[in-house]
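Visitor: This one is final22.txt, compact mmCIF, C-alpha atoms.
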# COMPACT_ATOMS: atom_id res chain seq x y z
CA MET A 1 0.00 0.00 0.00
CA SER A 2 1.45 3.38 -1.02
CA ALA A 3 2.13 6.14 1.48
CA ASP A 4 -0.60 8.30 -0.13
CA TRP A 5 -3.25 5.61 0.30
CA LEU A 6 -2.11 4.91 3.84
CA GLY A 7 -2.24 8.60 4.70
CA ALA A 8 -5.76 8.87 3.27
CA LEU A 9 -7.07 5.80 5.10
CA LEU A 10 -5.51 6.85 8.39
CA SER A 11 -6.36 10.53 8.13
CA PRO A 12 -7.96 12.32 11.11
CA TRP A 13 -11.26 12.60 9.22
CA VAL A 14 -11.47 8.89 8.41
CA LEU A 15 -10.50 7.81 11.91
CA GLY A 16 -12.82 10.43 13.38
CA LEU A 17 -15.76 8.95 11.46
CA LEU A 18 -14.65 5.47 12.48
CA GLY A 19 -14.54 6.67 16.08
CA LEU A 20 -18.14 7.90 15.87
CA CYS A 21 -19.26 4.44 14.74
CA ILE A 22 -17.13 2.68 17.35
CA GLY A 23 -18.52 5.08 19.97
CA SER A 24 -22.05 4.02 19.04
CA PHE A 25 -21.04 0.39 19.60
CA LEU A 26 -19.38 1.31 22.91
CA ASN A 27 -22.73 2.67 24.10
CA VAL A 28 -24.14 -0.82 23.55
CA VAL A 29 -21.21 -2.42 25.39
CA ILE A 30 -21.57 -0.05 28.35
CA HIS A 31 -25.29 -0.71 28.61
CA ARG A 32 -25.47 -4.44 27.89
CA LEU A 33 -22.26 -6.02 29.16
CA PRO A 34 -23.22 -5.54 32.85
CA GLN A 35 -26.64 -7.08 32.09
CA MET A 36 -24.97 -10.04 30.41
CA MET A 37 -22.67 -10.49 33.41
CA GLU A 38 -25.56 -10.30 35.87
CA ARG A 39 -27.52 -12.89 33.91
CA ALA A 40 -24.52 -15.23 33.80
CA TRP A 41 -23.99 -14.85 37.57
CA LYS A 42 -27.63 -15.68 38.27
CA LEU A 43 -27.53 -18.76 36.04
CA GLU A 44 -24.32 -19.99 37.67
CA SER A 45 -25.71 -19.42 41.16
CA ALA A 46 -28.97 -21.17 40.31
CA GLU A 47 -27.05 -24.15 38.93
CA LEU A 48 -24.93 -24.41 42.08
CA LEU A 49 -28.00 -24.17 44.32
CA GLY A 50 -30.09 -26.52 42.19
CA VAL A 51 -32.71 -23.82 41.65
CA GLU A 52 -34.60 -23.22 38.43
CA LEU A 53 -34.93 -19.63 37.26
CA PRO A 54 -37.69 -18.29 35.01
CA ARG A 55 -36.63 -18.45 31.37
CA THR A 56 -35.62 -15.05 30.04
CA PRO A 57 -34.38 -14.13 26.55
CA ALA A 58 -30.61 -14.21 26.19
CA ILE A 59 -28.91 -10.82 25.99
CA THR A 60 -25.92 -10.29 23.70
CA LEU A 61 -24.23 -7.24 22.23
CA SER A 62 -26.25 -7.71 19.04
CA ARG A 63 -29.58 -9.11 20.27
CA PRO A 64 -32.26 -8.09 20.99
CA ALA A 65 -32.48 -5.05 18.73
CA SER A 66 -32.16 -1.69 20.46
CA ARG A 67 -35.42 -0.29 21.79
CA CYS A 68 -36.60 2.75 23.69
CA PRO A 69 -36.60 1.77 27.39
CA GLN A 70 -39.77 3.83 27.96
CA CYS A 71 -42.15 2.70 25.21
CA GLY A 72 -40.38 -0.29 23.61
CA HIS A 73 -40.14 1.39 20.19
CA GLN A 74 -37.56 -0.49 18.09
CA ILE A 75 -34.88 1.90 16.98
CA ARG A 76 -34.62 1.94 13.18
CA TRP A 77 -31.31 2.19 11.35
CA PHE A 78 -31.79 5.85 10.41
CA GLU A 79 -32.49 6.64 14.08
CA ASN A 80 -29.18 5.08 15.05
CA ILE A 81 -26.73 7.10 12.97
CA PRO A 82 -23.98 8.21 15.36
CA LEU A 83 -24.42 11.74 16.68
CA LEU A 84 -26.52 12.86 13.70
CA SER A 85 -29.68 10.93 14.68
CA TRP A 86 -29.61 12.34 18.23
CA LEU A 87 -29.37 15.87 16.82
CA VAL A 88 -32.15 15.33 14.26
CA LEU A 89 -34.41 13.76 16.91
CA ARG A 90 -33.50 16.60 19.29
CA GLY A 91 -32.50 14.10 21.93
CA ARG A 92 -35.91 12.40 22.14
CA CYS A 93 -37.49 9.10 21.14
CA SER A 94 -39.33 9.44 17.82
CA ALA A 95 -42.33 7.50 19.21
CA CYS A 96 -42.94 8.59 22.81
CA LYS A 97 -40.70 11.70 22.94
CA ALA A 98 -38.94 10.43 26.05
CA PRO A 99 -35.51 12.10 26.42
CA ILE A 100 -32.44 10.22 25.19
CA ALA A 101 -29.54 10.68 27.59
CA VAL A 102 -26.89 13.09 26.36
CA ARG A 103 -24.20 10.60 27.37
CA TYR A 104 -24.89 8.60 24.20
CA PRO A 105 -23.86 11.30 21.70
CA LEU A 106 -21.08 12.42 24.06
CA THR A 107 -19.60 8.91 24.03
CA GLU A 108 -19.75 8.86 20.23
CA LEU A 109 -18.28 12.34 19.91
CA SER A 110 -15.48 11.78 22.42
CA THR A 111 -14.49 8.51 20.72
CA GLY A 112 -14.41 10.21 17.33
CA VAL A 113 -12.37 13.15 18.58
CA LEU A 114 -9.88 10.93 20.41
CA PHE A 115 -9.42 8.67 17.36
CA ALA A 116 -8.71 11.73 15.23
CA LEU A 117 -6.25 13.09 17.79
CA LEU A 118 -4.35 9.80 17.74
CA VAL A 119 -3.30 10.57 14.16
CA TRP A 120 -1.90 13.88 15.39
CA ARG A 121 -0.10 12.06 18.20
CA PHE A 122 1.35 9.10 16.26
CA GLY A 123 1.02 10.02 12.60
CA ALA A 124 -0.68 8.11 9.77
CA GLN A 125 0.85 4.71 10.48
CA PRO A 126 -0.78 1.34 11.23
CA VAL A 127 0.17 1.41 14.92
CA VAL A 128 -2.42 4.12 15.40
CA LEU A 129 -5.10 1.45 15.04
CA ALA A 130 -3.72 -0.37 18.08
CA TRP A 131 -4.00 2.84 20.06
CA CYS A 132 -7.57 3.26 18.81
CA GLY A 133 -8.36 -0.10 20.41
CA PHE A 134 -6.69 1.06 23.63
CA VAL A 135 -8.77 4.25 23.72
CA ALA A 136 -12.02 2.41 22.92
CA ALA A 137 -11.44 -0.07 25.75
CA LEU A 138 -10.79 2.74 28.24
CA ILE A 139 -14.00 4.53 27.23
CA ALA A 140 -16.05 1.34 27.64
CA LEU A 141 -14.47 0.53 31.00
CA SER A 142 -15.03 4.07 32.25
CA GLY A 143 -18.71 4.02 31.35
CA ILE A 144 -19.32 0.62 32.91
CA ASP A 145 -17.42 1.46 36.09
CA TRP A 146 -19.27 4.75 36.49
CA ASP A 147 -22.63 3.03 36.15
CA THR A 148 -21.98 -0.15 38.11
CA THR A 149 -18.62 0.18 39.96
CA LEU A 150 -17.51 -2.89 37.97
CA LEU A 151 -14.48 -3.28 35.72
CA PRO A 152 -15.17 -6.50 33.78
CA ASP A 153 -12.35 -9.02 33.38
CA SER A 154 -13.61 -9.54 29.83
CA LEU A 155 -12.25 -6.06 29.03
CA THR A 156 -9.37 -5.47 31.45
CA GLN A 157 -7.59 -8.76 30.80
CA PRO A 158 -7.62 -8.54 26.96
CA LEU A 159 -6.45 -4.93 27.29
CA LEU A 160 -3.53 -6.07 29.45
CA TRP A 161 -2.51 -8.85 27.08
CA ALA A 162 -2.90 -6.59 24.06
CA GLY A 163 -0.52 -4.11 25.69
CA LEU A 164 2.11 -6.82 26.20
CA ILE A 165 1.65 -8.11 22.65
CA ALA A 166 1.93 -4.57 21.23
CA ALA A 167 5.15 -4.08 23.18
CA ALA A 168 6.54 -7.42 21.99
CA ALA A 169 5.77 -6.39 18.40
CA GLY A 170 7.74 -3.18 18.90
CA TRP A 171 4.72 -0.90 18.51
CA THR A 172 4.77 0.83 21.89
CA VAL A 173 7.29 0.70 24.76
CA PRO A 174 10.05 -1.93 25.14
CA LEU A 175 8.70 -5.28 26.31
CA SER A 176 10.65 -5.14 29.59
CA THR A 177 9.13 -1.73 30.32
CA ALA A 178 5.63 -3.02 29.50
CA LEU A 179 6.06 -6.13 31.62
CA GLY A 180 7.39 -4.05 34.51
CA GLY A 181 4.44 -1.70 34.11
CA ALA A 182 1.94 -4.57 34.23
CA VAL A 183 3.46 -6.13 37.33
CA ALA A 184 4.08 -2.85 39.17
CA GLY A 185 0.64 -1.50 38.24
CA TYR A 186 -1.15 -4.50 39.69
CA LEU A 187 0.97 -4.75 42.83
CA ALA A 188 0.79 -1.02 43.57
CA LEU A 189 -2.98 -0.88 43.97
CA TRP A 190 -3.12 -4.40 45.41
CA SER A 191 -0.82 -3.19 48.21
CA VAL A 192 -2.90 -0.06 48.80
CA TYR A 193 -6.06 -2.19 48.91
CA TRP A 194 -4.69 -4.51 51.60
CA LEU A 195 -3.11 -1.71 53.62
CA PHE A 196 -6.43 0.14 53.66
CA LYS A 197 -8.42 -3.00 54.48
CA LEU A 198 -6.11 -4.05 57.32
CA THR A 199 -6.16 -0.52 58.74
CA THR A 200 -9.88 0.25 58.45
CA GLY A 201 -11.54 -3.13 57.92
CA LYS A 202 -13.14 -1.77 54.73
CA GLU A 203 -12.49 -2.27 51.04
CA GLY A 204 -11.33 0.96 49.40
CA MET A 205 -11.36 -0.33 45.81
CA GLY A 206 -12.08 -3.38 43.73
CA ALA A 207 -9.70 -5.82 42.07
CA GLY A 208 -10.71 -4.41 38.70
CA ASP A 209 -8.73 -1.26 39.51
CA PHE A 210 -5.56 -3.38 39.97
CA LYS A 211 -6.07 -4.96 36.55
CA LEU A 212 -6.84 -1.65 34.84
CA LEU A 213 -3.67 -0.03 36.19
CA ALA A 214 -1.71 -3.14 35.15
CA ALA A 215 -3.11 -2.74 31.62
CA LEU A 216 -2.18 0.95 31.59
CA GLY A 217 1.32 0.01 32.70
CA ALA A 218 1.57 -2.56 29.91
CA TRP A 219 0.69 0.06 27.29
CA LEU A 220 2.45 3.12 28.70
CA GLY A 221 5.32 1.67 30.73
CA TRP A 222 6.12 1.51 34.42
CA GLN A 223 7.52 5.06 34.44
CA MET A 224 4.04 6.48 33.81
CA LEU A 225 2.32 4.63 36.67
CA LEU A 226 3.00 7.24 39.36
CA PRO A 227 1.79 10.18 37.19
CA ILE A 228 -1.35 8.19 36.33
CA VAL A 229 -2.14 7.36 39.96
CA LEU A 230 -1.40 10.91 41.14
CA GLY A 231 -3.54 12.47 38.43
CA ALA A 232 -6.40 10.03 38.96
CA SER A 233 -6.33 10.54 42.73
CA LEU A 234 -6.39 14.33 42.52
CA ILE A 235 -9.17 14.49 39.95
CA GLY A 236 -11.17 11.73 41.66
CA ALA A 237 -10.92 13.46 45.05
CA ALA A 238 -12.03 16.78 43.57
CA VAL A 239 -15.00 15.20 41.77
CA GLY A 240 -15.97 13.23 44.89
CA ILE A 241 -15.95 16.36 47.05
CA VAL A 242 -18.06 18.28 44.55
CA MET A 243 -20.55 15.40 44.29
CA LYS A 244 -20.69 15.04 48.07
CA PHE A 245 -21.53 18.69 48.69
CA SER A 246 -23.92 18.89 45.75
CA GLY A 247 -25.87 15.86 46.98
CA ALA A 248 -25.06 13.81 43.87
CA LEU A 249 -23.19 11.22 45.94
CA ARG A 250 -25.56 9.14 48.02
CA GLU A 251 -24.68 8.09 51.55
CA GLY A 252 -22.68 4.88 51.65
CA ARG A 253 -21.71 5.11 47.97
CA TYR A 254 -18.34 6.03 46.56
CA VAL A 255 -16.96 7.45 43.34
CA PRO A 256 -15.47 4.68 41.18
CA PHE A 257 -11.74 5.06 40.57
CA GLY A 258 -11.62 3.41 37.15
CA PRO A 259 -12.80 6.40 35.08
CA PHE A 260 -10.14 8.60 36.64
CA LEU A 261 -7.40 6.03 36.05
CA ALA A 262 -8.53 5.81 32.42
CA GLY A 263 -8.69 9.60 32.10
CA ALA A 264 -5.22 10.04 33.57
CA GLY A 265 -3.94 7.34 31.22
CA LEU A 266 -5.33 9.26 28.24
CA VAL A 267 -3.69 12.47 29.44
CA VAL A 268 -0.33 10.67 29.71
CA LEU A 269 -0.86 9.10 26.27
CA PHE A 270 -1.51 12.38 24.48
CA ALA A 271 0.93 14.49 26.48
CA GLY A 272 3.79 12.06 25.99
CA PRO A 273 6.28 10.81 28.58
CA GLU A 274 8.70 13.72 28.12
CA ARG A 275 6.07 16.34 28.86
CA VAL A 276 4.64 14.37 31.79
CA THR A 277 8.04 13.93 33.43
CA GLY A 278 8.66 17.63 32.83
CA TRP A 279 5.45 18.52 34.68
CA LEU A 280 6.69 16.49 37.65
CA GLY A 281 10.18 18.00 37.48
CA TRP A 282 11.82 14.65 36.71
CA ASN A 283 13.77 15.87 33.67
Please express the file's structure as structure tokens.
Guide:
Amino acid sequence: MSADWLGALLSPWVLGLLGLCIGSFLNVVIHRLPQMMERAWKLESAELLGVELPRTPAITLSRPASRCPQCGHQIRWFENIPLLSWLVLRGRCSACKAPIAVRYPLTELSTGVLFALLVWRFGAQPVVLAWCGFVAALIALSGIDWDTTLLPDSLTQPLLWAGLIAAAAGWTVPLSTALGGAVAGYLALWSVYWLFKLTTGKEGMGAGDFKLLAALGAWLGWQMLLPIVLGASLIGAAVGIVMKFSGALREGRYVPFGPFLAGAGLVVLFAGPERVTGWLGWN
């Protein structure tokens, strides 16, 4: 493939449009994957207990077809065009006029913008597609964790392995740096978890956070772990305080850490290691 064709296919506009479509799919993942997990847990528990559950239709990422949760109206293809359909429908169901959450077009838009920015960050080369997968996984994990305080193994573990494979292929950081990042990322939060639990008797975070930071370390290297954790902690604490005083954070609930880890990872990705270390005065 010539450089001109490669540049055209991996241009910011093409990847931006691809990101809009991927963002639409990520909305489905964020909404349905927790439901699929819950159904699987119930079936496994019922089998262990020897209990029969009422038969319910299986839920996958493709079936059943998307419907309005208020009136059951099946969403037609022209009502499901990323970003554009939400604007044309003015953020409401075409049948019952129930509002469609703004998070759906925001997820599509943010995915498209980030995909386009990856071309600016890495240039029009095939490795940018690997980073698109990295960004898409972080967006899906952030949405699921925010909604459910869960970080599914079905996303964190493939993201971790993909980071190690990308490093082994020479696409990202050296393999030793990626492997060190994966190990150090997991052990860092694992240690904090047990220190907090032994001190207070409470769980301060879930094991999914360990795996997410391990995946970030595999992609970005062990040197970026401390900036990621510091950035995530500062932003997470600020958001938690604002939510607490505004009444958005209910008593006994906590702000999930995963979205802030993912956000800090994206900042490190786009800023680059040299700029990040410069911010911390490490240069």
Visitor: Work out how far apart CA of Ala218 (chain A) and CA of Leu160 (chain A) are and give it in Å to one decimal.
Guide: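 Taking CA of Ala218 (chain A) and CA of Leu160 (chain A), their separation equals 6.2 Å.
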Visitor: Kindly provide, as a compact mmCIF listing (two decimals) with C-alpha atoms, in the coordinates of the input, the polymer residues lying within 10 Å of (-36.8, 8.7, 21.2), counting all atoms listed in the file and using the coordinates exactly as they appear in the file.
Guide:
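For reference, point-v5.txt as written:
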# COMPACT_ATOMS: atom_id res chain seq x y z
CA ARG A 67 -35.42 -0.29 21.79
CA CYS A 68 -36.60 2.75 23.69
CA PRO A 69 -36.60 1.77 27.39
CA GLN A 70 -39.77 3.83 27.96
CA CYS A 71 -42.15 2.70 25.21
CA GLY A 72 -40.38 -0.29 23.61
CA HIS A 73 -40.14 1.39 20.19
CA GLN A 74 -37.56 -0.49 18.09
CA ILE A 75 -34.88 1.90 16.98
CA GLU A 79 -32.49 6.64 14.08
CA SER A 85 -29.68 10.93 14.68
CA TRP A 86 -29.61 12.34 18.23
CA LEU A 89 -34.41 13.76 16.91
CA ARG A 90 -33.50 16.60 19.29
CA GLY A 91 -32.50 14.10 21.93
CA ARG A 92 -35.91 12.40 22.14
CA CYS A 93 -37.49 9.10 21.14
CA SER A 94 -39.33 9.44 17.82
CA ALA A 95 -42.33 7.50 19.21
CA CYS A 96 -42.94 8.59 22.81
CA LYS A 97 -40.70 11.70 22.94
CA ALA A 98 -38.94 10.43 26.05
CA PRO A 99 -35.51 12.10 26.42
CA ILE A 100 -32.44 10.22 25.19
CA ALA A 101 -29.54 10.68 27.59
Visitor: With distances taken over only C-alpha atoms, which residue among A:Phe245, A:Trp279, A:Trp222, A:Trp77 lies nearest Ser176 (chain A)?
Guide: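 Selected residue with least distance to Ser176 (chain A): A:Trp222.
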Visitor: If you count only C-alpha atoms, which residues fall within 8 Å of region 105-110 of chain A, apart from same-chain ones fewer than 4 positions away, as a PDB file with C-alpha atoms, keeping the file's coordinate frame?
Guide:
ATOM      1  CA  GLY A  19     -14.540   6.670  16.080  1.00  0.00           C
ATOM      2  CA  LEU A  20     -18.140   7.900  15.870  1.00  0.00           C
ATOM      3  CA  CYS A  21     -19.260   4.440  14.740  1.00  0.00           C
ATOM      4  CA  ILE A  22     -17.130   2.680  17.350  1.00  0.00           C
ATOM      5  CA  GLY A  23     -18.520   5.080  19.970  1.00  0.00           C
ATOM      6  CA  SER A  24     -22.050   4.020  19.040  1.00  0.00           C
ATOM      7  CA  LEU A  26     -19.380   1.310  22.910  1.00  0.00           C
ATOM      8  CA  ASN A  27     -22.730   2.670  24.100  1.00  0.00           C
ATOM      9  CA  PRO A  82     -23.980   8.210  15.360  1.00  0.00           C
ATOM     10  CA  LEU A  83     -24.420  11.740  16.680  1.00  0.00           C
ATOM     11  CA  TRP A  86     -29.610  12.340  18.230  1.00  0.00           C
ATOM     12  CA  LEU A 114      -9.880  10.930  20.410  1.00  0.00           C
ATOM     13  CA  ILE A 139     -14.000   4.530  27.230  1.00  0.00           C
TER      14      ILE A 139
END
Visitor: One decimal, in Å: what's the spacing between CA of Gly16 (chain A) and CA of Leu164 (chain A)?
Guide: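 Spanning CA of Gly16 (chain A) to CA of Leu164 (chain A) is a straight-line distance of 26.2 Å.
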Visitor: Which residue, A:Pro227, A:Leu150, A:Tyr193, A:Pro158, has the smallest gap to Gly281 (chain A) when you use only C-alpha atoms?
Guide: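 Answer, going by the shortest atom-to-atom distance: A:Pro227.
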Visitor: May I have the residues within 10 Å of Met205 (chain A) as a list in words, using only C-alpha atoms and disregarding those fewer than 2 positions away in the same chain?
Guide: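 Everything that qualifies: Thr149, Leu189, Trp190, Val192, Tyr193, Trp194, Phe196, Lys197, Lys202, Glu203, Ala207, Gly208, Asp209, Phe210, Tyr254, Val255, Pro256, Phe257 and Gly258 of chain A.
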Visitor: State, in Å with one decimal place, the distance from CA of Leu43 (chain A) to CA of Asp145 (chain A).
Guide: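 Separation between CA of Leu43 (chain A) and CA of Asp145 (chain A): 22.6 Å.
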Visitor: Nearest to Leu179 (chain A) among A:Leu155, A:Leu234, A:Ala262, A:Ala214, with distances taken over all atoms listed in the file: which residue is it?
Guide: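 When distances to Leu179 (chain A) are compared using all atoms listed in the file, the smallest one comes from A:Ala214.
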Visitor: Determine, counting all atoms listed in the file, which protein, DNA and RNA residues have an atom within 9 Å of an atom of Thr177 (chain A); residues of the same chain fewer than 6 positions away are not included. Present the result as a list of chain:residue names.
Guide: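 Counting only the stated atoms, we get A:Ala167, A:Gly217, A:Ala218, A:Leu220, A:Gly221, A:Trp222, A:Gln223.
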Visitor: Find the residues around region 124-130 of chain A up to 8 Å (all atoms listed in the file counted), leave out those fewer than 6 positions away in its own chain, and share them as a list of chain:residue names.
Guide: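 That gives A:Leu6, A:Gly7, A:Leu10, A:Ser11, A:Leu118, A:Ala166, A:Trp171.
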Visitor: For Ala232 (chain A), list every protein, DNA or RNA residue within 7 Å, evaluated using all atoms listed in the file, and leave out those in the same chain fewer than 3 positions away; present the list as a PyMOL selection string.
Guide: chain A and resi 228-229+235-236+260-261+264
Visitor: Given all atoms listed in the file as the basis, pick out the residue of A:Phe25, A:Trp219, A:Trp131, A:Trp161 nearest to Ala116 (chain A).
Guide: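 Of all the options, A:Trp131 lies closest to Ala116 (chain A).
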Visitor: Mind completing region 40-50 of chain A with all heavy atoms? Output as an mmCIF file, keeping the file's coordinate frame, please?
Guide:
data_model
loop_
_atom_site.group_PDB
_atom_site.id
_atom_site.type_symbol
_atom_site.label_atom_id
_atom_site.label_comp_id
_atom_site.auth_asym_id
_atom_site.auth_seq_id
_atom_site.Cartn_x
_atom_site.Cartn_y
_atom_site.Cartn_z
ATOM 1 N N ALA A 40 -25.402 -14.065 33.670
ATOM 2 C CA ALA A 40 -24.520 -15.230 33.800
ATOM 3 C C ALA A 40 -24.317 -15.587 35.272
ATOM 4 O O ALA A 40 -24.303 -16.773 35.626
ATOM 5 C CB ALA A 40 -23.177 -14.929 33.132
ATOM 6 N N TRP A 41 -24.158 -14.581 36.134
ATOM 7 C CA TRP A 41 -23.990 -14.850 37.570
ATOM 8 C C TRP A 41 -25.221 -15.548 38.150
ATOM 9 O O TRP A 41 -25.106 -16.474 38.944
ATOM 10 C CB TRP A 41 -23.742 -13.543 38.319
ATOM 11 C CG TRP A 41 -22.441 -12.881 37.990
ATOM 12 C CD1 TRP A 41 -21.315 -13.479 37.501
ATOM 13 C CD2 TRP A 41 -22.142 -11.488 38.110
ATOM 14 N NE1 TRP A 41 -20.330 -12.550 37.312
ATOM 15 C CE2 TRP A 41 -20.801 -11.327 37.672
ATOM 16 C CE3 TRP A 41 -22.858 -10.366 38.524
ATOM 17 C CZ2 TRP A 41 -20.185 -10.079 37.655
ATOM 18 C CZ3 TRP A 41 -22.238 -9.138 38.507
ATOM 19 C CH2 TRP A 41 -20.912 -8.992 38.076
ATOM 20 N N LYS A 42 -26.408 -15.080 37.758
ATOM 21 C CA LYS A 42 -27.630 -15.680 38.270
ATOM 22 C C LYS A 42 -27.762 -17.128 37.814
ATOM 23 O O LYS A 42 -28.158 -18.006 38.600
ATOM 24 C CB LYS A 42 -28.846 -14.869 37.801
ATOM 25 C CG LYS A 42 -29.000 -13.522 38.495
ATOM 26 C CD LYS A 42 -30.226 -12.783 37.983
ATOM 27 C CE LYS A 42 -30.411 -11.454 38.705
ATOM 28 N NZ LYS A 42 -31.589 -10.705 38.200
ATOM 29 N N LEU A 43 -27.439 -17.389 36.548
ATOM 30 C CA LEU A 43 -27.530 -18.760 36.040
ATOM 31 C C LEU A 43 -26.538 -19.673 36.743
ATOM 32 O O LEU A 43 -26.867 -20.821 37.079
ATOM 33 C CB LEU A 43 -27.291 -18.764 34.527
ATOM 34 C CG LEU A 43 -28.384 -18.123 33.663
ATOM 35 C CD1 LEU A 43 -27.951 -18.072 32.202
ATOM 36 C CD2 LEU A 43 -29.699 -18.872 33.800
ATOM 37 N N GLU A 44 -25.320 -19.185 36.973
ATOM 38 C CA GLU A 44 -24.320 -19.990 37.670
ATOM 39 C C GLU A 44 -24.741 -20.269 39.112
ATOM 40 O O GLU A 44 -24.588 -21.392 39.617
ATOM 41 C CB GLU A 44 -22.969 -19.270 37.641
ATOM 42 C CG GLU A 44 -22.330 -19.224 36.263
ATOM 43 C CD GLU A 44 -21.071 -18.367 36.245
ATOM 44 O OE1 GLU A 44 -20.654 -17.916 37.340
ATOM 45 O OE2 GLU A 44 -20.504 -18.146 35.166
ATOM 46 N N SER A 45 -25.272 -19.236 39.780
ATOM 47 C CA SER A 45 -25.710 -19.420 41.160
ATOM 48 C C SER A 45 -26.878 -20.394 41.249
ATOM 49 O O SER A 45 -26.926 -21.247 42.151
ATOM 50 C CB SER A 45 -26.129 -18.063 41.753
ATOM 51 O OG SER A 45 -25.043 -17.160 41.755
ATOM 52 N N ALA A 46 -27.816 -20.266 40.313
ATOM 53 C CA ALA A 46 -28.970 -21.170 40.310
ATOM 54 C C ALA A 46 -28.533 -22.609 40.077
ATOM 55 O O ALA A 46 -29.058 -23.546 40.691
ATOM 56 C CB ALA A 46 -29.962 -20.736 39.233
ATOM 57 N N GLU A 47 -27.540 -22.799 39.191
ATOM 58 C CA GLU A 47 -27.050 -24.150 38.930
ATOM 59 C C GLU A 47 -26.374 -24.736 40.160
ATOM 60 O O GLU A 47 -26.570 -25.918 40.491
ATOM 61 C CB GLU A 47 -26.065 -24.115 37.756
ATOM 62 C CG GLU A 47 -25.562 -25.488 37.337
ATOM 63 C CD GLU A 47 -24.648 -25.417 36.140
ATOM 64 O OE1 GLU A 47 -24.471 -24.314 35.588
ATOM 65 O OE2 GLU A 47 -24.098 -26.468 35.760
ATOM 66 N N LEU A 48 -25.599 -23.922 40.869
ATOM 67 C CA LEU A 48 -24.930 -24.410 42.080
ATOM 68 C C LEU A 48 -25.926 -24.747 43.182
ATOM 69 O O LEU A 48 -25.737 -25.706 43.939
ATOM 70 C CB LEU A 48 -23.940 -23.351 42.583
ATOM 71 C CG LEU A 48 -22.681 -23.154 41.739
ATOM 72 C CD1 LEU A 48 -21.892 -21.953 42.240
ATOM 73 C CD2 LEU A 48 -21.810 -24.410 41.763
ATOM 74 N N LEU A 49 -27.001 -23.961 43.264
ATOM 75 C CA LEU A 49 -28.000 -24.170 44.320
ATOM 76 C C LEU A 49 -29.075 -25.166 43.919
ATOM 77 O O LEU A 49 -29.912 -25.536 44.741
ATOM 78 C CB LEU A 49 -28.655 -22.833 44.684
ATOM 79 C CG LEU A 49 -27.733 -21.775 45.303
ATOM 80 C CD1 LEU A 49 -28.464 -20.438 45.427
ATOM 81 C CD2 LEU A 49 -27.241 -22.240 46.674
ATOM 82 N N GLY A 50 -29.063 -25.597 42.655
ATOM 83 C CA GLY A 50 -30.090 -26.520 42.190
ATOM 84 C C GLY A 50 -31.447 -25.867 42.081
ATOM 85 O O GLY A 50 -32.470 -26.521 42.303
#
